[in-house]
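Content type compact mmCIF, C-alpha atoms, from the file entry.txt:
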```
# COMPACT_ATOMS: atom_id res chain seq x y z
CA MET A 1 -42.47 -89.76 25.59
CA SER A 2 -46.20 -89.00 25.91
CA LYS A 3 -47.54 -85.49 25.43
CA ALA A 4 -48.28 -85.23 29.16
CA GLY A 5 -44.78 -86.38 30.04
CA ALA A 6 -43.22 -83.91 27.64
CA VAL A 7 -45.27 -81.02 29.02
CA LEU A 8 -44.42 -82.00 32.60
CA LEU A 9 -40.74 -82.12 31.76
CA LEU A 10 -40.86 -78.73 30.05
CA LEU A 11 -42.58 -77.17 33.05
CA LEU A 12 -40.10 -78.69 35.46
CA MET A 13 -37.25 -77.46 33.32
CA VAL A 14 -38.42 -73.87 33.04
CA SER A 15 -39.45 -73.68 36.68
CA ILE A 16 -35.78 -73.00 37.44
CA ALA A 17 -36.54 -69.45 36.32
CA ILE A 18 -37.83 -68.86 39.83
CA VAL A 19 -34.24 -69.14 41.07
CA GLN A 20 -32.65 -67.78 37.89
CA PRO A 21 -31.92 -64.30 39.34
CA VAL A 22 -29.78 -65.92 42.03
CA MET A 23 -27.95 -68.06 39.50
CA ALA A 24 -27.34 -65.15 37.15
CA ALA A 25 -25.92 -63.01 39.92
CA GLN A 26 -23.03 -65.39 40.39
CA THR A 27 -19.84 -65.96 38.45
CA VAL A 28 -19.13 -69.66 38.62
CA ASN A 29 -16.24 -71.80 37.46
CA ASP A 30 -17.39 -75.35 38.05
CA THR A 31 -15.43 -78.50 37.27
CA ASP A 32 -17.62 -81.56 37.69
CA SER A 33 -14.96 -83.44 39.60
CA GLY A 34 -16.26 -83.31 43.14
CA SER A 35 -13.84 -80.65 44.28
CA GLY A 36 -16.44 -79.24 46.68
CA ASP A 37 -16.29 -75.76 45.15
CA ASP A 38 -19.55 -73.89 44.67
CA GLY A 39 -20.89 -74.55 41.21
CA ASP A 40 -24.23 -75.24 39.57
CA CYS A 41 -25.48 -76.69 42.82
CA ALA A 42 -23.32 -76.41 45.90
CA CYS A 43 -25.26 -79.20 47.60
CA CYS A 44 -24.47 -81.72 44.93
CA GLY A 45 -21.89 -84.44 45.28
CA GLU A 46 -19.01 -85.83 43.29
CA GLY A 47 -19.21 -85.33 39.56
CA ALA A 48 -18.58 -87.54 36.56
CA SER A 49 -18.73 -85.54 33.35
CA GLY A 50 -15.30 -83.85 33.53
CA ALA A 51 -16.73 -80.68 31.98
CA ASN A 52 -15.70 -77.14 32.88
CA VAL A 53 -18.66 -74.76 33.11
CA SER A 54 -18.46 -71.03 33.67
CA VAL A 55 -21.41 -68.70 34.29
CA THR A 56 -20.58 -65.00 34.18
CA GLU A 57 -22.98 -62.15 34.78
CA LEU A 58 -22.71 -59.58 32.01
CA GLU A 59 -22.23 -55.95 32.97
CA GLY A 60 -22.24 -52.55 31.28
CA ALA A 61 -22.49 -52.41 27.51
CA GLU A 62 -22.50 -56.20 27.07
CA LYS A 63 -25.40 -56.58 29.48
CA ASN A 64 -27.39 -53.77 27.85
CA LYS A 65 -26.79 -55.18 24.39
CA ALA A 66 -28.07 -58.63 25.38
CA ILE A 67 -31.15 -57.22 27.12
CA ALA A 68 -31.91 -54.93 24.19
CA GLU A 69 -31.71 -57.88 21.78
CA ALA A 70 -34.10 -59.84 23.97
CA LEU A 71 -36.58 -56.96 24.17
CA ARG A 72 -36.59 -56.64 20.35
CA ASN A 73 -37.64 -60.26 19.99
CA GLU A 74 -41.25 -60.50 18.75
CA GLU A 75 -42.13 -63.39 21.04
CA VAL A 76 -40.76 -61.49 24.03
CA LYS A 77 -42.90 -58.50 23.07
CA GLU A 78 -46.00 -60.68 22.93
CA LEU A 79 -45.23 -62.33 26.27
CA ARG A 80 -44.58 -58.93 27.84
CA GLY A 81 -48.01 -57.78 26.73
CA LYS A 82 -49.68 -60.85 28.24
CA LEU A 83 -47.99 -60.32 31.61
CA ILE A 84 -48.93 -56.64 31.68
CA GLU A 85 -52.57 -57.58 30.95
CA ARG A 86 -52.46 -59.77 34.06
CA GLY A 87 -51.30 -56.92 36.27
CA PHE A 88 -47.53 -57.44 36.17
CA THR A 89 -45.09 -54.56 35.82
CA PRO A 90 -41.76 -55.14 34.03
CA LYS A 91 -38.67 -54.28 36.06
CA ARG A 92 -36.29 -53.45 33.20
CA ASN A 93 -33.64 -52.07 35.54
CA ASP A 94 -33.53 -55.39 37.42
CA ALA A 95 -33.01 -57.48 34.28
CA LYS A 96 -29.96 -59.70 34.29
CA SER A 97 -27.93 -61.33 31.58
CA SER A 98 -25.38 -64.09 31.89
CA TYR A 99 -22.88 -65.64 29.50
CA ARG A 100 -22.32 -69.36 29.84
CA VAL A 101 -19.58 -71.55 28.48
CA ARG A 102 -19.12 -75.30 28.77
CA VAL A 103 -15.91 -77.00 27.72
CA GLN A 104 -15.55 -80.75 27.53
CA GLY A 105 -12.47 -82.02 25.76
CA ILE A 106 -12.19 -80.08 22.50
CA VAL A 107 -15.91 -79.21 22.44
CA GLU A 108 -16.91 -75.70 23.53
CA GLU A 109 -20.52 -74.58 23.82
CA LYS A 110 -21.65 -71.02 24.52
CA GLY A 111 -24.92 -69.26 25.26
CA ILE A 112 -26.54 -66.10 26.60
CA VAL A 113 -29.51 -66.03 28.99
CA VAL A 114 -31.55 -62.89 29.77
CA ASP A 115 -33.95 -62.81 32.72
CA ILE A 116 -36.48 -59.94 32.75
CA PRO A 117 -38.40 -59.90 36.07
CA PHE A 118 -41.98 -58.71 36.52
CA ARG A 119 -43.68 -57.81 39.80
CA THR A 120 -47.19 -57.17 41.12
CA GLY A 121 -46.47 -55.85 44.59
CA GLN A 122 -47.45 -59.23 46.09
CA ARG A 123 -44.49 -61.06 47.58
CA ASP A 124 -45.91 -64.51 46.81
CA LEU A 125 -46.44 -63.86 43.09
CA ASN A 126 -43.58 -63.25 40.66
CA ALA A 127 -42.94 -63.64 36.96
CA SER A 128 -40.06 -63.55 34.51
CA ILE A 129 -39.51 -63.66 30.80
CA ILE A 130 -36.55 -65.89 30.05
CA TRP A 131 -34.87 -65.36 26.67
CA SER A 132 -31.91 -67.42 25.56
CA LYS A 133 -29.65 -67.60 22.54
CA ASP A 134 -27.09 -70.32 21.91
CA ASN A 135 -23.87 -70.15 19.97
CA ASP A 136 -25.63 -71.20 16.75
CA GLY A 137 -28.10 -68.33 16.99
CA ASN A 138 -31.07 -70.43 18.10
CA VAL A 139 -33.44 -68.33 20.22
CA ASP A 140 -36.06 -69.36 22.76
CA ALA A 141 -38.41 -67.36 24.99
CA GLN A 142 -41.09 -68.07 27.57
CA ALA A 143 -42.85 -66.36 30.43
CA ILE A 144 -42.97 -68.08 33.80
CA ILE A 145 -45.29 -67.12 36.64
CA GLY A 146 -44.73 -68.63 40.07
CA GLY A 147 -46.64 -68.25 43.30
CA SER A 148 -49.04 -69.61 45.87
CA ALA A 149 -52.22 -71.38 44.83
CA GLU A 150 -54.58 -68.51 45.66
CA HIS A 151 -53.43 -66.71 42.50
CA PHE A 152 -54.29 -69.62 40.19
CA GLU A 153 -57.97 -70.35 40.79
CA GLU A 154 -58.58 -71.49 37.20
CA ALA A 155 -55.87 -74.16 37.42
CA LEU A 156 -57.11 -75.28 40.85
CA ASN A 157 -60.72 -75.64 39.69
CA ILE A 158 -59.65 -77.78 36.73
CA LEU A 159 -57.53 -79.97 39.02
CA TYR A 160 -60.22 -80.35 41.71
CA ALA A 161 -62.70 -81.63 39.11
CA ASN A 162 -60.33 -84.34 37.91
CA LYS A 163 -61.36 -87.85 38.97
CA THR A 164 -57.80 -89.17 39.25
CA TYR A 165 -56.85 -86.31 41.56
CA GLN A 166 -59.97 -86.93 43.64
CA ARG A 167 -59.05 -90.62 43.99
CA ILE A 168 -55.45 -89.85 45.00
CA THR A 169 -56.47 -87.31 47.63
CA GLU A 170 -59.16 -89.64 49.02
CA GLU A 171 -56.55 -92.40 49.41
CA LEU A 172 -54.16 -90.00 51.15
CA GLU A 173 -56.87 -88.76 53.48
CA GLY A 174 -57.66 -92.39 54.31
CA GLU A 175 -54.03 -92.75 55.41
CA GLY A 176 -54.32 -89.72 57.68
CA TYR A 177 -52.87 -87.10 55.33
CA SER A 178 -54.47 -83.73 54.71
CA VAL A 179 -54.28 -81.65 51.54
CA SER A 180 -54.51 -77.90 52.03
CA LYS A 181 -54.61 -75.11 49.48
CA ASN A 182 -51.88 -73.47 51.54
CA ASN A 183 -49.55 -76.35 50.62
CA ILE A 184 -49.88 -75.97 46.86
CA THR A 185 -47.43 -74.00 44.76
CA VAL A 186 -47.88 -73.28 41.08
CA VAL A 187 -45.57 -72.54 38.15
CA GLU A 188 -47.30 -71.39 34.96
CA LEU A 189 -45.55 -71.49 31.59
CA ILE A 190 -46.77 -69.22 28.82
CA GLN A 191 -45.49 -69.62 25.27
CA GLU A 192 -46.73 -68.48 21.90
CA SER A 193 -49.57 -71.03 21.71
CA ASN A 194 -49.30 -72.72 25.09
CA ASP A 195 -50.48 -71.92 28.62
CA THR A 196 -49.81 -74.70 31.07
CA ALA A 197 -49.55 -74.90 34.86
CA LEU A 198 -47.51 -77.23 37.05
CA LEU A 199 -49.00 -77.71 40.52
CA ALA A 200 -46.89 -79.18 43.32
CA ILE A 201 -49.18 -80.41 46.10
CA THR A 202 -47.86 -81.39 49.53
CA ALA A 203 -50.03 -83.68 51.65
CA THR A 204 -49.07 -83.66 55.33
CA ASN A 205 -49.53 -86.07 58.23
CA GLY A 206 -47.78 -84.61 61.25
CA SER A 207 -44.07 -84.49 60.40
CA GLU A 208 -44.51 -86.72 57.34
CA SER A 209 -45.37 -85.48 53.86
CA LYS A 210 -46.07 -86.80 50.37
CA LYS A 211 -45.96 -85.00 47.02
CA ILE A 212 -48.39 -84.96 44.13
CA LEU A 213 -47.52 -83.36 40.80
CA ALA A 214 -50.16 -82.21 38.33
CA VAL A 215 -50.01 -80.57 34.90
CA VAL A 216 -53.03 -78.55 33.74
CA ASP A 217 -53.61 -77.30 30.20
CA LEU A 218 -55.25 -73.91 30.78
CA ILE A 219 -56.25 -73.49 27.15
CA LYS A 220 -58.07 -76.82 26.85
CA GLY A 221 -59.20 -76.82 30.47
CA GLU A 222 -57.99 -80.33 31.21
CA VAL A 223 -55.53 -82.18 33.43
CA LEU A 224 -52.71 -83.74 31.41
CA TYR A 225 -50.89 -85.47 34.25
CA VAL A 226 -51.44 -86.16 37.93
CA GLN A 227 -49.64 -88.71 40.13
CA ASP A 228 -46.99 -89.25 42.76
CA PRO A 229 -43.65 -88.11 41.35
CA ASP A 230 -41.07 -90.57 40.03
CA TRP A 231 -38.08 -88.50 41.13
CA CYS A 232 -35.52 -90.49 39.14
CA TRP A 233 -37.50 -90.09 35.91
CA ILE A 234 -37.96 -86.37 36.60
CA ALA A 235 -34.29 -85.82 37.42
CA CYS A 236 -32.84 -87.78 34.48
CA SER A 237 -35.35 -86.36 31.99
CA THR A 238 -34.67 -82.82 33.21
CA ALA A 239 -30.91 -83.35 32.93
CA GLN A 240 -31.28 -84.68 29.38
CA ALA A 241 -33.48 -81.78 28.30
CA VAL A 242 -31.45 -79.02 29.93
CA GLY A 243 -28.06 -80.34 28.84
CA TRP A 244 -24.94 -78.68 30.16
CA LEU A 245 -26.51 -75.27 30.82
CA GLY A 246 -27.38 -75.23 34.51
CA CYS A 247 -28.00 -78.99 34.65
CA ALA A 248 -27.34 -79.54 38.35
CA SER A 249 -29.37 -76.51 39.39
CA ALA A 250 -32.26 -77.70 37.22
CA VAL A 251 -32.14 -81.17 38.78
CA CYS A 252 -32.00 -79.72 42.30
CA THR A 253 -35.06 -77.58 41.56
CA ALA A 254 -37.08 -80.18 39.67
CA ALA A 255 -36.25 -83.11 41.99
CA PRO A 256 -35.20 -81.76 45.41
CA PRO A 257 -34.78 -85.22 47.02
CA LEU A 258 -32.03 -85.99 44.47
CA CYS A 259 -30.04 -82.77 44.83
CA GLY A 260 -27.26 -84.61 46.65
CA ILE A 261 -26.53 -86.74 43.56
CA ALA A 262 -27.34 -84.14 40.90
CA VAL A 263 -23.80 -83.59 39.59
CA PRO A 264 -22.94 -87.28 38.98
CA LEU A 265 -26.44 -87.79 37.62
CA CYS A 266 -25.92 -84.96 35.10
CA GLY A 267 -22.54 -86.38 34.12
CA LEU A 268 -24.03 -89.81 33.55
CA VAL A 269 -26.77 -88.41 31.31
CA MET A 270 -24.20 -86.54 29.19
CA GLU A 271 -21.97 -89.61 28.84
CA GLU A 272 -24.37 -92.57 28.69
CA GLY A 273 -27.90 -91.21 28.23
CA LYS A 274 -31.14 -91.02 30.19
CA ASP A 275 -31.78 -94.77 30.49
CA ALA A 276 -28.41 -95.39 32.12
CA CYS A 277 -29.03 -92.43 34.41
CA TYR A 278 -32.43 -93.80 35.43
CA ASP A 279 -31.10 -97.29 36.18
CA TRP A 280 -28.24 -95.86 38.25
CA CYS A 281 -30.60 -93.51 40.09
CA GLN A 282 -33.00 -96.32 40.95
CA ASP A 283 -30.12 -98.34 42.40
CA THR A 284 -28.68 -95.35 44.29
CA PHE A 285 -31.70 -93.44 45.56
```
Hey, can you dump this file as structure tokens for me?
Amino acid sequence: MSKAGAVLLLLLMVSIAIVQPVMAAQTVNDTDSGSGDDGDCACCGEGASGANVSVTELEGAEKNKAIAEALRNEEVKELRGKLIERGFTPKRNDAKSSYRVRVQGIVEEKGIVVDIPFRTGQRDLNASIIWSKDNDGNVDAQAIIGGSAEHFEEALNILYANKTYQRITEELEGEGYSVSKNNITVVELIQESNDTALLAITATNGSESKKILAVVDLIKGEVLYVQDPDWCWIACSTAQAVGWLGCASAVCTAAPPLCGIAVPLCGLVMEEGKDACYDWCQDTF
């Protein structure tokens, strides 16, 4: 996978943090067997992986312990400082923690996810620090900022200067589509040495619309990726990267047109790999 593709996938994967508070507020027992019960993604169809997944919101002492461990993490402290510098206020009392277990056959995997929200007082601009720890003690942390385009002028200016983006928009305008700043949403991922933005642009022509995805490296000031989305590649790559933890929800968020087949798609990735998933998706979608 190219660097641009890897960065795009990472941004798509972590963009689920925008809906993470909703996910964490639920206790889910999901068997990927097409039972129709609410699970990772209630809109998604019949499953194939045969795995049992439970997501339980932690409460009381367990919740406080997990949040305290996340807040002690050095990378979380650094990310917190960066968000505060940009005008965000941490909402410690609104932090959530969930415990997740996936069982498939004799294999059991466990993990804890902590979501610490940040606010600015503007309804169209939110942020979170997402900290996770798996059963082997591996820890990961990133800050995600999501909102309307008006809050991300630097990313927009870099994108507008890109010749490939200019060509794509000129072609769309020639077909009668219009591209408005009001139809651009942005998810920014901040890590220890990385600051990258994913821009989802919707071009409209009456009741019809087309999507453009772009990835901008805010440190280097360059566009890494811009083109019409290949939804099957996005969905299968996201499923492979996320694994069992919230797979269907991640697919539904990263590739909305494929939400209806997210559960079987996730199962196929787990059992046969991304290439098989992509081939099946191309035939099905």
Size and centre in Å, one decimal, axis-aligned box, all listed segment 77-86 of chain A atoms plus 6 Å per side, as AutoDock Vina command-line options:
```
--center_x -47.7 --center_y -59.5 --center_z 28.5 --size_x 21.7 --size_y 17.7 --size_z 23.1
```
- Task: Can you pull out every residue within 7 Å of segment 130-136 of chain A, counting all atoms listed in the file, but drop anything in the same chain fewer than 2 positions away, and send it as a list in words?
- Result: Ala70, Glu109, Lys110, Gly111, Ile112, Val113, Val114, Asp115, Ile116, Ser128, Asn138, Val139, Asp140, Ala141, Gln142 and Ala143 of chain A
Output of the above residues as a short mmCIF file (atom, residue, chain, number, x, y, z; two decimals), keeping the file's coordinate frame, restricted to C-alpha atoms:
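Heads up, here's the output in part_28.cif:
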```
data_model
loop_
_atom_site.label_atom_id
_atom_site.label_comp_id
_atom_site.auth_asym_id
_atom_site.auth_seq_id
_atom_site.Cartn_x
_atom_site.Cartn_y
_atom_site.Cartn_z
CA ALA A 70 -34.10 -59.84 23.97
CA GLU A 109 -20.52 -74.58 23.82
CA LYS A 110 -21.65 -71.02 24.52
CA GLY A 111 -24.92 -69.26 25.26
CA ILE A 112 -26.54 -66.10 26.60
CA VAL A 113 -29.51 -66.03 28.99
CA VAL A 114 -31.55 -62.89 29.77
CA ASP A 115 -33.95 -62.81 32.72
CA ILE A 116 -36.48 -59.94 32.75
CA SER A 128 -40.06 -63.55 34.51
CA ASN A 138 -31.07 -70.43 18.10
CA VAL A 139 -33.44 -68.33 20.22
CA ASP A 140 -36.06 -69.36 22.76
CA ALA A 141 -38.41 -67.36 24.99
CA GLN A 142 -41.09 -68.07 27.57
CA ALA A 143 -42.85 -66.36 30.43
#
```
- Query: Can you list, as a ChimeraX atom specification, every protein, DNA or RNA residue that comes within 8 Å of segment 154-165 of chain A when you count all atoms listed in the file, leaving out same-chain residues fewer than 4 positions away?
  - Reply: /A:149,169,197,214,216,218,221-223,226-227
- Nearest to Ile219 of chain A by atom-to-atom distance, counting only C-alpha atoms, from A:Ala239, A:Val76, A:Leu189, A:Leu125: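 Among A:Ala239, A:Val76, A:Leu189, A:Leu125, it is A:Leu189 that comes nearest to Ile219 of chain A.
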- Note on the structure: For Thr120 of chain A, the closest of A:Asp283, A:Glu85, A:Glu153, A:Glu74 counting only C-alpha atoms is A:Glu85
- Message: Applying 12 Å and all atoms listed in the file, which residues near Gly121 of chain A remain after dropping the ones on its own chain fewer than 2 positions away? List them as a PyMOL selection string.
- Response: chain A and resi 87-91+118-119+123-127
- Task: Using all atoms listed in the file, determine which residues lie at most 7 Å from Leu198 of chain A, disregarding the query and same-chain residues fewer than 3 positions distant; provide the list as a ChimeraX atom specification.
- Result: /A:11,186-188,214-216
- Item | Contacts of Leu265 of chain A within 12 Å, all atoms listed in the file, excl. fewer than 3 positions in-chain, as a PyMOL selection string | chain A and resi 32+44-49+232-240+243-244+247-252+255+258-262+268-282+284-285
Writer output for current selection, C-alpha atoms, as a CSV table (one decimal), keeping the file's coordinate frame:
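This went into selection_19.csv:
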```csv
chain,number,residue,atom,x,y,z
A,32,ASP,CA,-17.6,-81.6,37.7
A,44,CYS,CA,-24.5,-81.7,44.9
A,45,GLY,CA,-21.9,-84.4,45.3
A,46,GLU,CA,-19.0,-85.8,43.3
A,47,GLY,CA,-19.2,-85.3,39.6
A,48,ALA,CA,-18.6,-87.5,36.6
A,49,SER,CA,-18.7,-85.5,33.4
A,232,CYS,CA,-35.5,-90.5,39.1
A,233,TRP,CA,-37.5,-90.1,35.9
A,234,ILE,CA,-38.0,-86.4,36.6
A,235,ALA,CA,-34.3,-85.8,37.4
A,236,CYS,CA,-32.8,-87.8,34.5
A,237,SER,CA,-35.4,-86.4,32.0
A,238,THR,CA,-34.7,-82.8,33.2
A,239,ALA,CA,-30.9,-83.4,32.9
A,240,GLN,CA,-31.3,-84.7,29.4
A,243,GLY,CA,-28.1,-80.3,28.8
A,244,TRP,CA,-24.9,-78.7,30.2
A,247,CYS,CA,-28.0,-79.0,34.6
A,248,ALA,CA,-27.3,-79.5,38.4
A,249,SER,CA,-29.4,-76.5,39.4
A,250,ALA,CA,-32.3,-77.7,37.2
A,251,VAL,CA,-32.1,-81.2,38.8
A,252,CYS,CA,-32.0,-79.7,42.3
A,255,ALA,CA,-36.2,-83.1,42.0
A,258,LEU,CA,-32.0,-86.0,44.5
A,259,CYS,CA,-30.0,-82.8,44.8
A,260,GLY,CA,-27.3,-84.6,46.6
A,261,ILE,CA,-26.5,-86.7,43.6
A,262,ALA,CA,-27.3,-84.1,40.9
A,268,LEU,CA,-24.0,-89.8,33.6
A,269,VAL,CA,-26.8,-88.4,31.3
A,270,MET,CA,-24.2,-86.5,29.2
A,271,GLU,CA,-22.0,-89.6,28.8
A,272,GLU,CA,-24.4,-92.6,28.7
A,273,GLY,CA,-27.9,-91.2,28.2
A,274,LYS,CA,-31.1,-91.0,30.2
A,275,ASP,CA,-31.8,-94.8,30.5
A,276,ALA,CA,-28.4,-95.4,32.1
A,277,CYS,CA,-29.0,-92.4,34.4
A,278,TYR,CA,-32.4,-93.8,35.4
A,279,ASP,CA,-31.1,-97.3,36.2
A,280,TRP,CA,-28.2,-95.9,38.2
A,281,CYS,CA,-30.6,-93.5,40.1
A,282,GLN,CA,-33.0,-96.3,41.0
A,284,THR,CA,-28.7,-95.4,44.3
A,285,PHE,CA,-31.7,-93.4,45.6
```
- Please, what distance in Å, to one decimal, runs between atom CA of Glu75 of chain A and atom CA of Glu192 of chain A? 6.9 Å
- Pick from A:Ser180, A:Pro256, A:Glu208, A:Pro117: nearest to Asp230 of chain A, with all atoms listed in the file counted?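 The answer is A:Pro256, which sits nearest to Asp230 of chain A.
Note that atom CA of Ser178 of chain A and atom CA of Ser209 of chain A are 9.3 Å apart.
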- Give the answer as one residue: which of A:Gln191, A:Thr202, A:Ser54, A:Thr196 has the shortest atom-to-atom distance to Leu79 of chain A, using all atoms listed in the file? A:Gln191
- Between atom CA of Asn205 of chain A and atom CA of Gly176 of chain A, measure the distance and give it in Å to one decimal.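 Atom-to-atom, atom CA of Asn205 of chain A to atom CA of Gly176 of chain A, that is 6.0 Å.
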- Message: Measuring between all atoms listed in the file, which one of A:Ala200, A:Ser207, A:Val101, A:Glu62 shows the shortest distance to Ala254 of chain A?
- Response: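 The shortest atom-to-atom distance to Ala254 of chain A comes from A:Ala200.
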- Shortest interatomic distance to Thr56 of chain A - which of A:Tyr99, A:Phe152, A:Tyr177, A:Trp231, counting all atoms listed in the file: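 Checking each candidate against Thr56 of chain A, we get A:Tyr99 as the closest.
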